[in-house]
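Structure data (mmCIF, C-alpha atoms) from target_19.cif:
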data_query
#
loop_
_atom_site.label_atom_id
_atom_site.label_comp_id
_atom_site.auth_asym_id
_atom_site.auth_seq_id
_atom_site.Cartn_x
_atom_site.Cartn_y
_atom_site.Cartn_z
CA MET A 116 -13.17 -5.05 60.58
CA ALA A 117 -12.36 -7.41 57.74
CA ASP A 118 -15.27 -5.94 55.72
CA LYS A 119 -13.92 -2.41 56.26
CA LYS A 120 -10.46 -3.46 55.05
CA LYS A 121 -12.01 -5.16 52.02
CA ARG A 122 -14.09 -2.03 51.16
CA ARG A 123 -11.02 0.19 51.61
CA ARG A 124 -9.03 -2.08 49.32
CA LEU A 125 -11.83 -1.98 46.69
CA ASP A 126 -11.97 1.83 46.92
CA LEU A 127 -8.21 2.05 46.44
CA ASP A 128 -8.39 -0.31 43.46
CA SER A 129 -11.14 1.84 41.96
CA GLU A 130 -9.09 5.00 42.46
CA ASP A 131 -6.07 3.34 40.85
CA GLU A 132 -8.21 2.28 37.89
CA ASN A 133 -9.62 5.80 37.49
CA GLU A 134 -6.12 7.24 37.71
CA ASP A 135 -4.94 4.79 35.03
CA ASN A 136 -7.85 5.82 32.80
CA ARG A 137 -6.94 9.48 33.22
CA LYS A 138 -3.37 8.67 32.24
CA ILE A 139 -4.38 6.53 29.28
CA LEU A 140 -7.18 8.79 28.03
CA PRO A 141 -6.15 12.41 28.60
CA PHE A 142 -8.79 15.05 27.79
CA LYS A 143 -11.63 12.54 28.01
CA LYS A 144 -13.08 14.51 30.92
CA HIS A 145 -13.58 17.45 28.54
CA LEU A 146 -16.01 15.46 26.40
CA LYS A 147 -19.68 16.46 26.48
CA PRO A 148 -22.48 13.92 26.03
CA ASP A 149 -22.72 12.50 22.51
CA SER A 150 -26.07 14.22 22.06
CA ALA A 151 -24.36 17.64 22.31
CA ILE A 152 -21.76 16.64 19.69
CA LEU A 153 -24.47 15.27 17.40
CA SER A 154 -26.28 18.60 17.64
CA ILE A 155 -23.09 20.40 16.52
CA LEU A 156 -22.72 18.01 13.59
CA GLN A 157 -26.35 18.51 12.59
CA ASP A 158 -25.79 22.29 12.48
CA LEU A 159 -22.71 21.77 10.28
CA THR A 160 -24.63 19.51 7.91
CA ASP A 161 -27.55 21.96 7.68
CA SER A 162 -25.11 24.79 6.88
CA ILE A 163 -23.39 22.78 4.13
CA GLN A 164 -26.72 21.77 2.58
CA ALA A 165 -27.98 25.35 2.63
CA ASN A 166 -24.81 26.56 0.88
CA LEU A 167 -24.97 23.84 -1.77
CA ASN A 168 -28.62 24.61 -2.45
CA THR A 169 -28.16 28.38 -2.79
CA ASN A 170 -24.67 28.77 -4.27
CA LYS A 171 -24.20 28.06 -7.96
CA THR A 172 -21.16 25.96 -8.92
CA LEU A 173 -18.84 28.18 -10.94
CA THR A 174 -17.30 27.01 -14.22
CA LEU A 175 -14.43 28.20 -16.41
CA SER A 176 -16.98 29.87 -18.69
CA ASP A 177 -18.39 31.88 -15.78
CA LEU A 178 -14.88 33.25 -15.17
CA SER A 179 -14.17 33.84 -18.89
CA LEU A 180 -11.38 31.25 -18.78
CA SER A 181 -12.80 28.69 -21.21
CA SER A 182 -10.69 30.11 -24.07
CA THR A 183 -7.39 30.00 -22.16
CA CYS A 184 -7.93 26.83 -20.12
CA ARG A 185 -9.25 23.42 -21.07
CA GLU A 186 -11.40 20.84 -19.32
CA VAL A 187 -12.69 17.48 -20.38
CA SER A 188 -16.19 16.10 -20.02
CA ASP A 189 -17.88 12.73 -19.69
CA LEU A 190 -18.62 11.27 -23.11
CA ASP A 191 -20.58 8.17 -23.99
CA LEU A 192 -18.87 5.36 -25.92
CA SER A 193 -20.30 6.34 -29.30
CA SER A 194 -18.98 9.90 -28.86
CA VAL A 195 -15.51 8.63 -27.89
CA GLN A 196 -15.53 6.27 -30.88
CA ASP A 197 -16.58 9.11 -33.17
CA ALA A 198 -13.83 11.40 -31.81
CA ILE A 199 -11.17 8.72 -32.42
CA GLU A 200 -12.38 8.03 -35.95
CA ARG A 201 -12.41 11.73 -36.84
CA LEU A 202 -8.87 12.10 -35.46
CA ILE A 203 -7.60 9.10 -37.44
CA LEU A 204 -9.32 10.41 -40.58
CA ARG A 205 -7.42 13.71 -40.25
CA ILE A 206 -4.17 11.79 -39.78
CA THR A 207 -4.87 9.66 -42.85
CA GLN A 208 -5.55 12.73 -44.97
CA SER A 209 -2.32 14.31 -43.71
CA ILE A 210 -0.31 11.20 -44.63
CA LEU A 211 -1.90 10.93 -48.10
CA SER A 212 -1.09 14.59 -48.77
CA GLY A 213 2.58 13.85 -48.10
CA SER A 214 2.77 15.87 -44.88
CA GLY A 215 3.24 12.91 -42.54
CA PHE A 216 1.38 13.16 -39.28
CA ALA A 217 1.68 14.51 -35.76
CA PHE A 218 -0.42 14.69 -32.61
CA ASP A 219 -1.02 18.12 -31.11
CA VAL A 220 -1.26 17.03 -27.47
CA PRO A 221 -2.21 19.35 -24.58
CA ALA A 222 0.89 19.92 -22.44
CA ARG A 223 0.54 18.67 -18.87
CA SER A 224 3.79 20.12 -17.52
CA ASN A 225 3.89 22.23 -14.34
CA THR A 226 4.22 25.43 -16.37
CA ASN A 227 0.87 24.75 -18.04
CA GLN A 228 -1.09 24.52 -14.77
CA LEU A 229 -3.17 27.27 -13.20
CA TYR A 230 -4.74 27.46 -9.76
CA VAL A 231 -8.07 29.29 -9.95
CA PRO A 232 -9.02 30.66 -6.48
CA GLU A 233 -12.68 31.12 -7.41
CA LEU A 234 -12.92 27.42 -8.28
CA ASP A 235 -10.39 26.40 -5.59
CA ARG A 236 -8.80 23.87 -7.92
CA ILE A 237 -5.98 23.45 -10.42
CA VAL A 238 -6.88 23.58 -14.12
CA LEU A 239 -4.94 22.96 -17.33
CA LYS A 240 -4.04 25.88 -19.56
CA ASP A 241 -4.30 25.73 -23.35
CA LYS A 242 -0.65 25.21 -24.32
CA THR A 243 -0.05 22.18 -26.55
CA SER A 244 2.94 20.09 -27.57
CA LEU A 245 3.46 18.79 -31.11
CA ARG A 246 4.49 15.13 -31.50
CA PRO A 247 5.49 14.48 -35.11
CA TYR A 248 6.02 10.88 -36.16
CA SER A 249 8.99 11.95 -38.29
CA ASN A 250 10.97 13.29 -35.32
CA VAL A 251 13.40 10.89 -33.63
CA SER A 252 12.72 12.34 -30.18
CA THR A 253 8.94 11.90 -30.42
CA VAL A 254 8.46 8.94 -32.77
CA ARG A 255 8.14 6.39 -29.95
CA LYS A 256 5.61 8.39 -27.96
CA THR A 257 3.64 9.06 -31.13
CA THR A 258 3.57 5.32 -31.84
CA ILE A 259 2.36 4.59 -28.29
CA THR A 260 -0.35 7.24 -28.66
CA THR A 261 -1.56 5.65 -31.90
CA ARG A 262 -1.60 2.20 -30.28
CA ILE A 263 -3.58 3.44 -27.25
CA LEU A 264 -6.11 5.09 -29.57
CA GLN A 265 -6.50 1.78 -31.40
CA LEU A 266 -7.03 -0.16 -28.15
CA VAL A 267 -9.58 2.35 -26.80
CA HIS A 268 -11.46 2.16 -30.11
CA GLN A 269 -11.67 -1.62 -29.66
CA LEU A 270 -13.12 -1.12 -26.16
CA CYS A 271 -15.75 1.20 -27.60
CA LEU A 272 -16.75 -1.37 -30.21
CA LYS A 273 -16.95 -4.21 -27.66
CA ASN A 274 -18.46 -2.06 -24.88
CA ILE A 275 -16.19 -3.54 -22.20
CA HIS A 276 -13.93 -2.21 -19.43
CA VAL A 277 -10.28 -3.14 -18.85
CA THR A 278 -7.75 -2.14 -16.21
CA LYS A 279 -4.70 -0.04 -16.92
CA ARG A 280 -2.66 -3.19 -16.27
CA ASP A 281 -4.62 -5.08 -18.94
CA LEU A 282 -3.93 -2.27 -21.38
CA PHE A 283 -0.20 -2.40 -20.66
CA TYR A 284 -0.02 -6.15 -21.29
CA THR A 285 -1.55 -5.84 -24.76
CA ASP A 286 1.82 -4.57 -26.04
CA VAL A 287 4.53 -4.92 -23.41
CA LYS A 288 7.41 -4.63 -25.90
CA LEU A 289 6.15 -1.27 -27.15
CA PHE A 290 5.11 0.19 -23.80
CA GLN A 291 8.10 -1.27 -21.87
CA ASP A 292 6.81 0.14 -18.58
CA GLN A 293 3.26 0.72 -17.34
CA THR A 294 4.04 4.29 -16.34
CA GLN A 295 4.52 5.05 -20.05
CA SER A 296 1.19 3.60 -21.16
CA ASP A 297 -0.54 5.27 -18.17
CA ALA A 298 0.90 8.69 -19.08
CA VAL A 299 -0.14 8.38 -22.73
CA LEU A 300 -3.61 7.27 -21.63
CA ASP A 301 -3.98 10.63 -19.86
CA ASP A 302 -2.70 12.36 -23.01
CA VAL A 303 -5.36 10.56 -25.06
CA SER A 304 -8.06 11.77 -22.63
CA CYS A 305 -6.88 15.36 -23.15
CA LEU A 306 -6.62 14.84 -26.89
CA LEU A 307 -10.18 13.55 -27.20
CA GLY A 308 -11.59 15.98 -24.62
CA CYS A 309 -13.08 13.26 -22.43
CA THR A 310 -12.57 11.94 -18.90
CA ARG A 311 -10.37 8.90 -18.44
CA SER A 312 -13.34 6.85 -17.26
CA SER A 313 -15.02 7.62 -20.60
CA LEU A 314 -12.29 5.53 -22.25
CA ASN A 315 -13.47 2.43 -20.33
CA VAL A 316 -9.99 1.99 -18.83
CA VAL A 317 -10.01 1.80 -15.04
CA ALA A 318 -7.51 1.27 -12.24
CA SER A 319 -7.67 -1.80 -9.98
CA GLU A 320 -9.85 -1.50 -6.88
CA LYS A 321 -8.03 0.32 -4.08
CA GLY A 322 -10.31 2.51 -1.98
CA VAL A 323 -12.86 1.20 0.53
CA VAL A 324 -15.94 2.63 2.22
CA VAL A 325 -17.84 1.68 5.37
CA GLY A 326 -20.62 3.26 7.42
CA ARG A 327 -24.03 4.82 6.90
CA LEU A 328 -24.31 4.48 3.15
CA ILE A 329 -26.49 2.42 0.83
CA PHE A 330 -25.89 2.51 -2.92
CA SER A 331 -26.42 0.39 -6.00
CA ASP A 332 -23.42 -1.21 -7.69
CA ASN A 333 -24.35 -2.36 -11.18
CA GLY A 334 -27.92 -2.96 -9.98
CA ASP A 335 -27.04 -4.68 -6.68
CA MET A 336 -27.91 -2.75 -3.51
CA ILE A 337 -24.98 -2.45 -1.08
CA ASP A 338 -25.42 -1.61 2.60
CA CYS A 339 -22.06 -0.38 3.89
CA THR A 340 -23.03 -0.97 7.55
CA LYS A 341 -23.12 -4.70 6.83
CA MET A 342 -19.80 -5.12 5.03
CA GLY A 343 -17.73 -6.14 8.06
CA MET A 344 -14.60 -4.42 9.26
CA GLY A 345 -13.02 -4.41 5.79
CA GLY A 346 -15.83 -2.39 4.24
CA LYS A 347 -16.90 -2.30 0.59
CA ALA A 348 -14.34 -1.86 -2.16
CA ILE A 349 -15.07 1.29 -4.15
CA PRO A 350 -16.11 0.26 -7.68
CA PRO A 351 -13.56 1.30 -10.34
CA ASN A 352 -16.39 2.13 -12.77
CA ILE A 353 -18.15 5.11 -11.22
CA ASP A 354 -20.83 4.95 -13.93
CA ARG A 355 -22.24 1.78 -12.36
CA VAL A 356 -22.76 3.48 -8.97
CA GLY A 357 -26.16 5.04 -8.22
CA ASP A 358 -29.11 5.41 -5.84
CA MET A 359 -27.03 6.76 -2.95
CA GLN A 360 -28.93 6.93 0.36
CA SER A 361 -27.62 7.90 3.78
CA ASP A 362 -28.62 9.15 7.23
CA ALA A 363 -25.01 10.21 7.95
CA LEU A 364 -24.17 13.66 9.28
CA PHE A 365 -20.73 13.81 7.64
CA ILE A 366 -18.14 11.98 5.56
CA LEU A 367 -14.85 11.13 7.26
CA LEU A 368 -11.99 10.94 4.75
CA VAL A 369 -9.08 8.94 6.22
CA GLU A 370 -5.58 8.82 4.74
CA LYS A 371 -4.34 5.55 6.20
CA ASP A 372 -5.75 2.03 6.12
CA ALA A 373 -4.68 1.44 9.76
CA ALA A 374 -6.77 4.37 11.06
CA TYR A 375 -9.66 3.29 8.84
CA MET A 376 -9.56 -0.24 10.31
CA ARG A 377 -9.55 1.14 13.85
CA LEU A 378 -12.61 3.30 13.21
CA ALA A 379 -14.40 0.53 11.32
CA GLU A 380 -13.80 -2.04 14.05
CA ASP A 381 -14.95 0.40 16.74
CA ARG A 382 -18.03 1.11 14.59
CA PHE A 383 -17.41 4.82 15.02
CA TYR A 384 -20.11 5.42 12.38
CA ASN A 385 -22.79 4.13 14.76
CA ARG A 386 -21.82 6.46 17.60
CA PHE A 387 -21.52 9.45 15.26
CA PRO A 388 -23.47 8.73 12.03
CA CYS A 389 -20.94 9.06 9.23
CA ILE A 390 -19.46 7.46 6.13
CA ILE A 391 -15.78 6.50 6.41
CA VAL A 392 -13.72 6.31 3.23
CA THR A 393 -10.03 5.76 2.48
CA ALA A 394 -7.83 5.28 -0.58
CA LYS A 395 -5.13 3.70 1.61
CA GLY A 396 -2.58 6.41 0.87
CA GLN A 397 -2.31 8.25 -2.43
CA PRO A 398 -5.81 8.97 -3.81
CA ASP A 399 -6.79 6.93 -6.85
CA VAL A 400 -9.23 8.14 -9.49
CA ALA A 401 -12.10 5.86 -8.40
CA THR A 402 -11.96 7.05 -4.76
CA ARG A 403 -11.78 10.69 -5.82
CA LEU A 404 -14.79 10.26 -8.12
CA PHE A 405 -16.72 8.35 -5.45
CA LEU A 406 -16.01 10.97 -2.77
CA ARG A 407 -17.18 13.79 -5.03
CA LYS A 408 -20.32 11.86 -5.96
CA MET A 409 -21.16 11.34 -2.25
CA LYS A 410 -20.54 14.99 -1.42
CA MET A 411 -22.62 16.38 -4.28
CA GLU A 412 -25.52 13.90 -4.09
CA LEU A 413 -25.82 13.53 -0.31
CA LYS A 414 -24.78 17.15 0.39
CA LEU A 415 -22.68 16.24 3.42
CA PRO A 416 -19.62 17.95 4.92
CA VAL A 417 -16.31 16.15 4.35
CA LEU A 418 -13.81 16.08 7.24
CA ALA A 419 -10.28 14.80 6.59
CA LEU A 420 -8.00 12.82 8.91
CA VAL A 421 -4.41 12.68 7.60
CA ASP A 422 -0.90 12.36 9.01
CA SER A 423 0.76 15.46 10.42
CA ASP A 424 3.40 15.67 7.71
CA PRO A 425 3.75 17.46 4.33
CA TYR A 426 2.58 14.38 2.45
CA GLY A 427 -0.65 14.19 4.46
CA LEU A 428 -1.43 17.74 3.41
CA LYS A 429 -0.50 16.96 -0.21
CA ILE A 430 -2.93 14.04 -0.19
CA LEU A 431 -5.64 16.28 1.25
CA SER A 432 -4.95 18.89 -1.45
CA VAL A 433 -5.28 16.29 -4.23
CA TYR A 434 -8.79 15.44 -3.02
CA GLY A 435 -9.73 19.11 -2.65
CA CYS A 436 -7.84 21.03 -5.36
CA GLY A 437 -6.75 18.27 -7.74
CA SER A 438 -3.41 16.92 -8.92
CA LYS A 439 -1.25 18.59 -11.53
CA ASN A 440 -1.00 15.30 -13.38
CA MET A 441 -4.77 15.18 -13.94
CA SER A 442 -5.63 18.88 -13.83
CA TYR A 443 -7.44 18.47 -17.17
CA ASP A 444 -10.19 16.60 -15.27
CA SER A 445 -10.17 18.54 -12.00
CA GLY A 446 -13.80 19.54 -12.45
CA ASN A 447 -14.88 15.90 -12.04
CA LEU A 448 -12.20 14.69 -9.62
CA THR A 449 -12.11 17.36 -6.92
CA THR A 450 -14.37 17.59 -3.87
CA PRO A 451 -15.01 21.20 -2.77
CA ASP A 452 -14.70 22.48 0.80
CA ILE A 453 -12.94 19.55 2.51
CA LYS A 454 -12.22 20.49 6.13
CA TRP A 455 -8.87 19.54 7.70
CA LEU A 456 -9.83 17.88 10.97
CA GLY A 457 -6.47 16.40 11.95
CA VAL A 458 -3.86 15.34 12.76
CA ARG A 459 -2.51 18.89 12.60
CA PRO A 460 0.94 20.09 13.73
CA SER A 461 -0.63 22.15 16.53
CA ASP A 462 -2.28 18.97 17.86
CA LEU A 463 1.09 17.51 18.84
CA ASP A 464 1.43 19.91 21.78
CA LYS A 465 -2.29 20.46 22.31
CA TYR A 466 -2.88 16.75 22.90
CA LYS A 467 0.53 16.23 24.53
CA ILE A 468 1.73 13.64 22.01
CA PRO A 469 4.81 12.05 23.65
CA GLU A 470 8.20 12.99 22.20
CA GLN A 471 8.98 9.36 21.42
CA CYS A 472 5.95 9.29 19.11
CA ARG A 473 7.06 12.34 17.13
CA LEU A 474 9.43 11.89 14.23
CA PRO A 475 12.12 14.32 13.05
CA MET A 476 11.45 15.67 9.56
CA THR A 477 14.02 14.77 6.91
CA GLU A 478 15.57 17.38 4.65
CA GLN A 479 13.23 16.20 1.90
CA ASP A 480 10.23 16.58 4.26
CA ILE A 481 11.26 20.15 5.07
CA LYS A 482 11.77 20.98 1.37
CA THR A 483 8.33 19.53 0.54
CA GLY A 484 6.79 21.59 3.34
CA LYS A 485 8.44 24.80 2.13
CA ASP A 486 7.39 24.06 -1.46
CA LEU A 487 3.79 23.61 -0.28
CA LEU A 488 3.91 27.01 1.43
CA GLU A 489 4.58 28.52 -2.01
CA GLU A 490 1.52 26.90 -3.57
CA ASP A 491 -1.42 29.21 -4.24
CA PHE A 492 -3.98 26.73 -2.88
CA VAL A 493 -2.14 26.74 0.47
CA LYS A 494 -1.68 30.52 0.56
CA LYS A 495 -5.43 30.94 0.11
CA ASN A 496 -6.08 29.30 3.50
CA PRO A 497 -4.38 31.17 6.40
CA GLY A 498 -5.01 28.21 8.72
CA TRP A 499 -3.09 25.87 6.44
CA VAL A 500 -0.21 28.37 6.21
CA GLU A 501 -0.06 28.65 10.01
CA GLU A 502 -0.07 24.89 10.56
CA LEU A 503 2.44 24.15 7.80
CA SER A 504 4.75 26.94 9.02
CA LEU A 505 4.63 25.44 12.52
CA MET A 506 5.53 22.02 11.11
CA VAL A 507 8.53 23.40 9.18
CA LYS A 508 9.64 25.45 12.19
CA THR A 509 9.50 22.60 14.73
CA LYS A 510 10.80 20.06 12.18
CA GLN A 511 8.51 17.47 13.73
CA LYS A 512 5.94 15.17 12.14
CA ALA A 513 3.64 12.45 13.44
CA GLU A 514 1.38 9.77 12.04
CA ILE A 515 -2.24 9.26 13.04
CA GLN A 516 -1.08 6.15 14.92
CA ALA A 517 0.86 8.36 17.37
CA LEU A 518 -2.47 8.77 19.18
CA SER A 519 -2.33 5.06 20.03
CA SER A 520 0.27 5.91 22.66
CA PHE A 521 -2.72 6.82 24.88
CA GLY A 522 -4.56 3.63 24.02
CA PHE A 523 -5.50 1.80 20.86
CA GLN A 524 -9.03 3.28 20.88
CA TYR A 525 -8.03 6.82 21.82
CA LEU A 526 -8.63 7.95 18.21
CA SER A 527 -12.28 6.89 18.20
CA GLU A 528 -13.10 7.39 21.89
CA VAL A 529 -11.49 10.77 22.63
CA TYR A 530 -9.54 12.51 19.84
CA LEU A 531 -12.18 12.58 17.10
CA PRO A 532 -15.18 13.20 19.41
CA LEU A 533 -13.33 16.11 21.05
CA LYS A 534 -12.35 17.53 17.65
CA LEU A 535 -15.97 17.37 16.53
CA GLN A 536 -17.22 18.87 19.78
CA GLN A 537 -14.82 21.82 19.53
CA GLN A 538 -15.51 22.24 15.80
CA ASP A 539 -11.74 22.16 15.46
CA TRP A 540 -11.32 21.96 11.71
CA LEU A 541 -9.86 24.22 9.02
#

Could you render the structure from this file as structure tokens?
Amino acid sequence: MADKKKRRRLDLDSEDENEDNRKILPFKKHLKPDSAILSILQDLTDSIQANLNTNKTLTLSDLSLSSTCREVSDLDLSSVQDAIERLILRITQSILSGSGFAFDVPARSNTNQLYVPELDRIVLKDKTSLRPYSNVSTVRKTTITTRILQLVHQLCLKNIHVTKRDLFYTDVKLFQDQTQSDAVLDDVSCLLGCTRSSLNVVASEKGVVVGRLIFSDNGDMIDCTKMGMGGKAIPPNIDRVGDMQSDALFILLVEKDAAYMRLAEDRFYNRFPCIIVTAKGQPDVATRLFLRKMKMELKLPVLALVDSDPYGLKILSVYGCGSKNMSYDSGNLTTPDIKWLGVRPSDLDKYKIPEQCRLPMTEQDIKTGKDLLEEDFVKKNPGWVEELSLMVKTKQKAEIQALSSFGFQYLSEVYLPLKLQQQDWL
């Protein structure tokens, strides 16, 4: 009798535990075996590789836009040095002739940007802005431009790299604020027709990568499965990265550091072979270059996990279509065909995200969302329009961490596997 009571009590405890699991992990019962999901991912990877192998990458020249739009290219140090010296020689000749001097700098304003649907990225048009030294309104910026050219020339001669912060501190009184030296650095790239990395000026390390990737960093082989939960910092000098090898089926691009840490600690990349990368918010140049290099060399699909808010979609668009600030280098910085995996506005109801985990959109959020709906790169994708319209209509947003309301590991154990199983990406 006592044994029967004990068994009954154990059965009840087991039922309670199962009921708790169902409450904590909704939709888990819909998951198929991992082998079925892996088969779906293999088909996606095969499709991406077939497309990359057969489809030629279009250029501005192919579309007869090379005369009306401009793009920069990677130059070696001797070419950058030569370009600077030729520019300074022209300036010297202009001064000696009594004409003074001015820089004819490509304009990077919003009105000089063009979204090209065939390339699916933003490019810079050919309008320029004259900066004469003799004009009071432009004399300071012209002086800063000359100083930056001098500093970059020194880097070419010494064959060394510095950070943007180092560059700023070489002449704090002139630059006053780093945003000013950073902006002129981009102008100098446009002026010389080279990428910013060609100038040997880099940003501080920000992005990190973990998962099924091995690559060489300045000659040292790095195995990203053995870098701990923090992962490997993405090198700021992309030219020192090479020999990429991977058995991953996809690249998972994550907006937030918190979601990245969760997936890294759960070793999600072992259950579903992948490479996980994040720039911890706004994409930096090094992470954008690294992501493109992985995509093009490994020929893997890229799936993006961002917050369900207008800024999450903006971050995704910077990776995919480029930023207006650096549209002159969009050919090197953008990663084609990034798929929006989540968290999407429709997921809030689909996955029954609790109301207390949803946030009301501010007036600025709503304005940003409406502005995005007017962008050509959003209009091109009906799925994006539908999701963004839903967000603006419901006036609700949510972070990736809202999924933690079902359990801290819900993201890696249920949400992402189910998304992959259902091929639920845009």

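The shortest atom-to-atom distance to Lys439 in chain A, with only C-alpha atoms taken into account, belongs to A:Leu239 out of A:Leu192, A:Ile481, A:Met506, A:Leu239.
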
Explicit residue set for the PyMOL selection byres ((chain A and resi 249) around 12), as JSON, numbers by chain:
{"A": [210, 213, 214, 215, 216, 217, 218, 245, 246, 247, 248, 250, 251, 252, 253, 254, 255, 256, 257, 258]}

Need the shell around range 280-293 of chain A: protein/DNA/RNA residues with any atom at most 12 Å away, counting all atoms listed in the file. Skip same-chain ones fewer than 2 positions apart. Format as a VMD selection string?
chain A and resid 254 to 267 269 to 270 276 to 278 295 to 300 314 to 320

Run the PyMOL selection byres ((chain A and resi 464-469) around 9) on the file and write out the hits as a PyMOL selection string.
chain A and resi 141-142+460-463+470-473+513+517-518+520-521+530

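Atom to atom, CA of Lys410 in chain A and CA of Glu490 in chain A stand 25.2 Å apart.
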
Counting all atoms listed in the file, closest pick from A:Leu415, A:Ile155, A:Ala374, A:Phe383 relative to Ser519 in chain A is A:Ala374

Skipping near chain neighbours, those fewer than 4 positions away, what residues fall within 10 Å of Ser194 in chain A using all atoms listed in the file, listed as a PDB file with C-alpha atoms, keeping the file's coordinate frame?
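File produced: out21.pdb:
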ATOM      1  CA  ASP A 189     -17.880  12.730 -19.690  1.00  0.00           C
ATOM      2  CA  LEU A 190     -18.620  11.270 -23.110  1.00  0.00           C
ATOM      3  CA  ALA A 198     -13.830  11.400 -31.810  1.00  0.00           C
ATOM      4  CA  ILE A 199     -11.170   8.720 -32.420  1.00  0.00           C
ATOM      5  CA  GLU A 200     -12.380   8.030 -35.950  1.00  0.00           C
ATOM      6  CA  CYS A 271     -15.750   1.200 -27.600  1.00  0.00           C
ATOM      7  CA  LEU A 307     -10.180  13.550 -27.200  1.00  0.00           C
ATOM      8  CA  CYS A 309     -13.080  13.260 -22.430  1.00  0.00           C
ATOM      9  CA  SER A 313     -15.020   7.620 -20.600  1.00  0.00           C
TER      10      SER A 313
END

Kindly reconstruct range 320-332 of chain A with N, CA, C and O atoms and present the result as an mmCIF file, in the coordinates of the input.
data_model
loop_
_atom_site.group_PDB
_atom_site.id
_atom_site.type_symbol
_atom_site.label_atom_id
_atom_site.label_comp_id
_atom_site.auth_asym_id
_atom_site.auth_seq_id
_atom_site.Cartn_x
_atom_site.Cartn_y
_atom_site.Cartn_z
ATOM 1 N N GLU A 320 -9.187 -1.966 -8.103
ATOM 2 C CA GLU A 320 -9.850 -1.500 -6.880
ATOM 3 C C GLU A 320 -8.814 -1.217 -5.796
ATOM 4 O O GLU A 320 -7.899 -2.006 -5.573
ATOM 5 N N LYS A 321 -8.971 -0.070 -5.128
ATOM 6 C CA LYS A 321 -8.030 0.320 -4.080
ATOM 7 C C LYS A 321 -8.741 0.879 -2.860
ATOM 8 O O LYS A 321 -8.537 0.454 -1.741
ATOM 9 N N GLY A 322 -9.608 1.862 -3.079
ATOM 10 C CA GLY A 322 -10.310 2.510 -1.980
ATOM 11 C C GLY A 322 -11.411 1.644 -1.396
ATOM 12 O O GLY A 322 -11.920 0.739 -2.050
ATOM 13 N N VAL A 323 -11.766 1.918 -0.139
ATOM 14 C CA VAL A 323 -12.860 1.200 0.530
ATOM 15 C C VAL A 323 -13.734 2.190 1.288
ATOM 16 O O VAL A 323 -13.297 3.283 1.656
ATOM 17 N N VAL A 324 -14.982 1.781 1.511
ATOM 18 C CA VAL A 324 -15.940 2.630 2.220
ATOM 19 C C VAL A 324 -16.721 1.780 3.208
ATOM 20 O O VAL A 324 -17.010 0.606 2.949
ATOM 21 N N VAL A 325 -17.042 2.363 4.362
ATOM 22 C CA VAL A 325 -17.840 1.680 5.370
ATOM 23 C C VAL A 325 -18.681 2.737 6.087
ATOM 24 O O VAL A 325 -18.333 3.926 6.098
ATOM 25 N N GLY A 326 -19.808 2.313 6.656
ATOM 26 C CA GLY A 326 -20.620 3.260 7.420
ATOM 27 C C GLY A 326 -22.021 3.429 6.872
ATOM 28 O O GLY A 326 -22.559 2.553 6.196
ATOM 29 N N ARG A 327 -22.600 4.595 7.146
ATOM 30 C CA ARG A 327 -24.030 4.820 6.900
ATOM 31 C C ARG A 327 -24.289 5.209 5.442
ATOM 32 O O ARG A 327 -24.670 6.348 5.131
ATOM 33 N N LEU A 328 -24.097 4.240 4.572
ATOM 34 C CA LEU A 328 -24.310 4.480 3.150
ATOM 35 C C LEU A 328 -24.899 3.243 2.487
ATOM 36 O O LEU A 328 -24.434 2.127 2.702
ATOM 37 N N ILE A 329 -25.927 3.470 1.680
ATOM 38 C CA ILE A 329 -26.490 2.420 0.830
ATOM 39 C C ILE A 329 -26.432 2.935 -0.602
ATOM 40 O O ILE A 329 -26.782 4.090 -0.876
ATOM 41 N N PHE A 330 -25.927 2.108 -1.520
ATOM 42 C CA PHE A 330 -25.890 2.510 -2.920
ATOM 43 C C PHE A 330 -26.003 1.277 -3.809
ATOM 44 O O PHE A 330 -25.823 0.141 -3.353
ATOM 45 N N SER A 331 -26.327 1.507 -5.058
ATOM 46 C CA SER A 331 -26.420 0.390 -6.000
ATOM 47 C C SER A 331 -25.122 0.290 -6.789
ATOM 48 O O SER A 331 -24.585 1.303 -7.242
ATOM 49 N N ASP A 332 -24.632 -0.928 -6.924
ATOM 50 C CA ASP A 332 -23.420 -1.210 -7.690
ATOM 51 C C ASP A 332 -23.811 -2.155 -8.829
ATOM 52 O O ASP A 332 -24.001 -3.344 -8.614
#
